[in-house]
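Okay, structure first, notes after.
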Amino acid sequence: MKLESIVSEAVVQAVKSLYGIDFVLKDVQLQKTKKEFEGDLTVVVFPFVKAARKSPEETAKEIGAYVNEKNAIITKFNVIKGFLNLSIGQAYWVEQLNEIASETNYGSVAASADAPLMMIEYSSPNTNKPLHLGHIRNNLLGYSISRIQAANGWNVVKTNIVNDRGIHICKSMLAWQLFGHGETPETSGLKGDSLVGKYYVAFDKEYKVQIKELMSQGQTEDEAKKNAPLMIATQQMLLDWERGDVATRHLWEMMNNWVYAGFDETYKKLGVDFDKIYYESQTYLVGKQQVEDGLDKGVFHRREDGSVWADLTPDGLDEKLLLRADGTSVYMTQDIGTAKLRYDDFPINKMVYVVGNEQNYHFQVLALLLDKLGFEWGKELVHFSYGMVELPEGKMKSREGTVVDADDLVDEMVQTATETSQELGKLDGYTPEQAKAISTMVGLGALKYFILKVDPKKNMTFNPKESIDFNGNTGPFIQYTHARIKSVLRKAEEQEIRVVPADDSLSLSEKETYLIQLLADYPAIVKEAGDSFSPAVIANYAYDLVKEYNQFYHDFSILREENSELRNFRLLLSENVAKMIKNSMYLLGIDVPERM
RNA sequence: GCCCCCGUAGUUCAAUGGAUAGAACGAAAGUUUCCUAAACUUUAAAUCUGAGUUCGAUUCUCAGCGAGGGUACCA
């Protein structure tokens, strides 16, 4: 049984016996005892003070004395104000360590065949420009949360909806037609997605010129935006695309294929993947059909100009456009169609959308619309809403060229890792392939950890001028600690020291028992990360563990310890710290090296 | 206008309503005949303002100030 449960139960029993009041386990507030006080686990006794009709100190003392006497694993207690600090005997900790050591995947719940299925959508790029830093956060969060939910016993299907059609794609296509002179990735040497992105920017540049011109002729800004020849041509192109015009489709296919090749490279570089990819071009018609069905059912209405709307004012929201006056579909139409296809394809129990918080409203609406259309799972969808990545100057804007390109950033990180390794002489004597593999791991680790350690709900700032650190609370710090432990374990092996279960007659330091306590926390951390959709919980845990271990490593000898039982214990402890580092980094999608 | 988020050391991030608000970077000072110094130790440094609820508020409520996002034919 878990320590927390044992103690909670003991306290409930103590309160009942001492004061005759019934509390439930949930009422017992437990926390790790702060470092500056003696003890392992602290009970907050304020909730019981009223029932006890005594001062907080007295109540704490009485409860402390009771649980100390009745429970063998509680060996000591002390009281400070309303806080009851309990010390847990080390026999318990040693037993815990042996148990942790016996399970390779301690803390993970394997999914059974009939486990519920969670589909997680992430990435969801537009095919008009390359991926940038915002997409990196999305991809890393989506990938990590998939692993975390799998570790919590879910069957997970990772999915991606590629927004491969629509007015934005037509902009790139039109600009390429007008200004491209037949340029291809091969002739330009550019990555396919970058090439297409170049024309998206070119479109915007020319569009702005046209707007300015029309405004100088006396049109308002809104009129000019509507009447600019480029915009009219783009809208025509979208209509041509929707009615299947061969030349338009051909151009579209060609340019999208360039983009896919580019995306594949970036995904591979980031180490993310998908089980099932949907394309908007294949789902939007299903969406349109769903909207038509909604019209028939009377849940939507058509305006005089032909546009279709959902009236959400009874739900406290606005009216929402579902089909434009010209009959073309919008973002929402597509999402409805995609949802329909997904639920036809998979027995989904929970649908998760990893999408930025700028779309909170969109998903509020989507949930309502799906519900109105009769999908019983509509209201159950989870919008895993994460914050924006901002630059010190503010938001990134792809049209203004202030975005941080995903490929460039990864390359820079790996480059910095390579240089740092060389400076420190860490990779001397390694083959170039080995050195490259380690630098890649470390560079990516730094980037991923930097992004994932932040609470996903919060906006975060990234300063491109200051490179991401490799010291302190960073991925490389955690990777380094793993490599360090592995080095010790290799040396132990060379000395033919076999690591066996620990002996409970040892005398352990506080640092050592605290490390075991941290290891034993892992299952609860994995659960919390899953419940709250927060890889940051895992990241912070790993950092705490590693920080604590490095202090231990500094203060104590492992291989040079003369007492062989103690030496064995420390090796076992180290081995399991390494295991937990590796397991927790796995949940973040970060690899850890054997040496660095 | 309306709706939603956010405001913690110089900077980037932590803190289920609980003890003296934790880290990291940066700044200052130290640790290496010793298992990897990408480490360890020490110092200085913060809850936007004002009320309220509470035994107890960074956390909850209200008001103010400041920043960001959304808001009906972009995705």
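FYI, nothing fancy with the structure tokens labels: chains A, B, ... in order, residues from 1 per chain, ligands from 1 as they appear.
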
Residues of chain B within 6 Å of chain A, counting only C-alpha atoms (C1' of nucleotides) - could you list those as a PyMOL selection string? chain B and resi 24+35-36+38+69+72-73

Store the residues picked out above in a file with N, CA, C and O atoms (P, O5', C5', C4', C3', O3' and C1' of nucleotides), as a PDB file, in the first residue's frame.
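And here's again-v8.pdb as it stands now:
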```pdb
ATOM      1  P     A B  24      19.760  26.966  -8.436  1.00  0.00           P
ATOM      2  O5'   A B  24      19.694  27.280  -9.991  1.00  0.00           O
ATOM      3  C5'   A B  24      19.636  26.210 -10.936  1.00  0.00           C
ATOM      4  C4'   A B  24      19.281  26.750 -12.293  1.00  0.00           C
ATOM      5  C3'   A B  24      20.165  27.900 -12.782  1.00  0.00           C
ATOM      6  O3'   A B  24      21.360  27.430 -13.350  1.00  0.00           O
ATOM      7  C1'   A B  24      17.903  28.472 -13.090  1.00  0.00           C
ATOM      8  P     C B  35      37.783  10.727  -9.604  1.00  0.00           P
ATOM      9  O5'   C B  35      36.492   9.790  -9.582  1.00  0.00           O
ATOM     10  C5'   C B  35      36.659   8.393  -9.840  1.00  0.00           C
ATOM     11  C4'   C B  35      35.325   7.735 -10.048  1.00  0.00           C
ATOM     12  C3'   C B  35      34.337   8.472 -10.944  1.00  0.00           C
ATOM     13  O3'   C B  35      34.605   8.151 -12.298  1.00  0.00           O
ATOM     14  C1'   C B  35      33.250   7.500  -9.051  1.00  0.00           C
ATOM     15  P     U B  36      33.587   8.769 -13.478  1.00  0.00           P
ATOM     16  O5'   U B  36      33.395  10.346 -13.219  1.00  0.00           O
ATOM     17  C5'   U B  36      34.487  11.227 -13.303  1.00  0.00           C
ATOM     18  C4'   U B  36      34.064  12.467 -14.052  1.00  0.00           C
ATOM     19  C3'   U B  36      32.955  13.267 -13.367  1.00  0.00           C
ATOM     20  O3'   U B  36      33.283  14.653 -13.460  1.00  0.00           O
ATOM     21  C1'   U B  36      32.371  12.823 -15.610  1.00  0.00           C
ATOM     22  P     A B  38      31.715  19.466 -16.984  1.00  0.00           P
ATOM     23  O5'   A B  38      30.202  19.957 -16.817  1.00  0.00           O
ATOM     24  C5'   A B  38      29.933  21.344 -16.652  1.00  0.00           C
ATOM     25  C4'   A B  38      28.517  21.611 -17.099  1.00  0.00           C
ATOM     26  C3'   A B  38      27.503  20.751 -16.371  1.00  0.00           C
ATOM     27  O3'   A B  38      26.273  21.464 -16.252  1.00  0.00           O
ATOM     28  C1'   A B  38      27.414  20.287 -18.685  1.00  0.00           C
ATOM     29  P     G B  69      -2.135  40.163 -29.267  1.00  0.00           P
ATOM     30  O5'   G B  69      -3.242  39.026 -29.067  1.00  0.00           O
ATOM     31  C5'   G B  69      -2.874  37.659 -29.192  1.00  0.00           C
ATOM     32  C4'   G B  69      -4.014  36.776 -28.769  1.00  0.00           C
ATOM     33  C3'   G B  69      -5.313  36.957 -29.539  1.00  0.00           C
ATOM     34  O3'   G B  69      -5.287  36.299 -30.792  1.00  0.00           O
ATOM     35  C1'   G B  69      -5.784  36.849 -27.244  1.00  0.00           C
ATOM     36  P     A B  72     -15.631  38.623 -36.047  1.00  0.00           P
ATOM     37  O5'   A B  72     -16.532  37.951 -37.142  1.00  0.00           O
ATOM     38  C5'   A B  72     -16.524  36.543 -37.341  1.00  0.00           C
ATOM     39  C4'   A B  72     -17.862  36.127 -37.851  1.00  0.00           C
ATOM     40  C3'   A B  72     -18.446  37.089 -38.883  1.00  0.00           C
ATOM     41  O3'   A B  72     -17.967  36.796 -40.168  1.00  0.00           O
ATOM     42  C1'   A B  72     -20.060  36.614 -37.249  1.00  0.00           C
ATOM     43  P     C B  73     -17.054  37.962 -40.810  1.00  0.00           P
ATOM     44  O5'   C B  73     -16.420  37.277 -42.094  1.00  0.00           O
ATOM     45  C5'   C B  73     -15.613  36.087 -41.985  1.00  0.00           C
ATOM     46  C4'   C B  73     -15.812  35.297 -43.252  1.00  0.00           C
ATOM     47  C3'   C B  73     -15.431  36.085 -44.500  1.00  0.00           C
ATOM     48  O3'   C B  73     -14.310  35.474 -45.127  1.00  0.00           O
ATOM     49  C1'   C B  73     -17.599  35.089 -44.688  1.00  0.00           C
TER      50        C B  73
END
```

Tell me, as a PyMOL selection string, which residues lie within 12 Å of U61 in chain B, counting only C-alpha atoms (C1' of nucleotides); anything in the same chain fewer than 3 positions away does not count. chain B and resi 51-53+57

Can you list, as a VMD selection string, all residues belonging to range 125-312 of chain A that DSSP tags as helix (DSSP H, G or I)? chain A and resid 133 to 151 167 to 179 185 to 188 192 to 216 221 to 227 229 to 242 246 to 270 280 to 297

Quick one: everything within 9 Å of G17 in chain B, counting only C-alpha atoms (C1' of nucleotides), minus sequence neighbours fewer than 6 positions away in the same chain. Send it as a PDB file with C-alpha atoms (C1' of nucleotides), in the first residue's frame.
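Dumped to out-v9.pdb:
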```
ATOM      1  C1'   U B  54     -10.163  32.877   5.944  1.00  0.00           C
ATOM      2  C1'   G B  56      -3.882  31.202   7.262  1.00  0.00           C
ATOM      3  C1'   A B  57      -4.037  34.302   0.417  1.00  0.00           C
ATOM      4  C1'   U B  59      -3.467  31.127  -5.033  1.00  0.00           C
ATOM      5  C1'   C B  60     -10.392  32.590  -3.931  1.00  0.00           C
TER       6        C B  60
END
```

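In this model, the gap between CA of Ala520 in chain A and CA of Glu496 in chain A comes to 28.5 Å.
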
Of the candidates B:C65, B:C25, B:A75, B:A46, which one gets nearest to U8 in chain B if we count only C-alpha atoms (C1' of nucleotides)?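 Smallest distance to U8 in chain B is found for B:A46.
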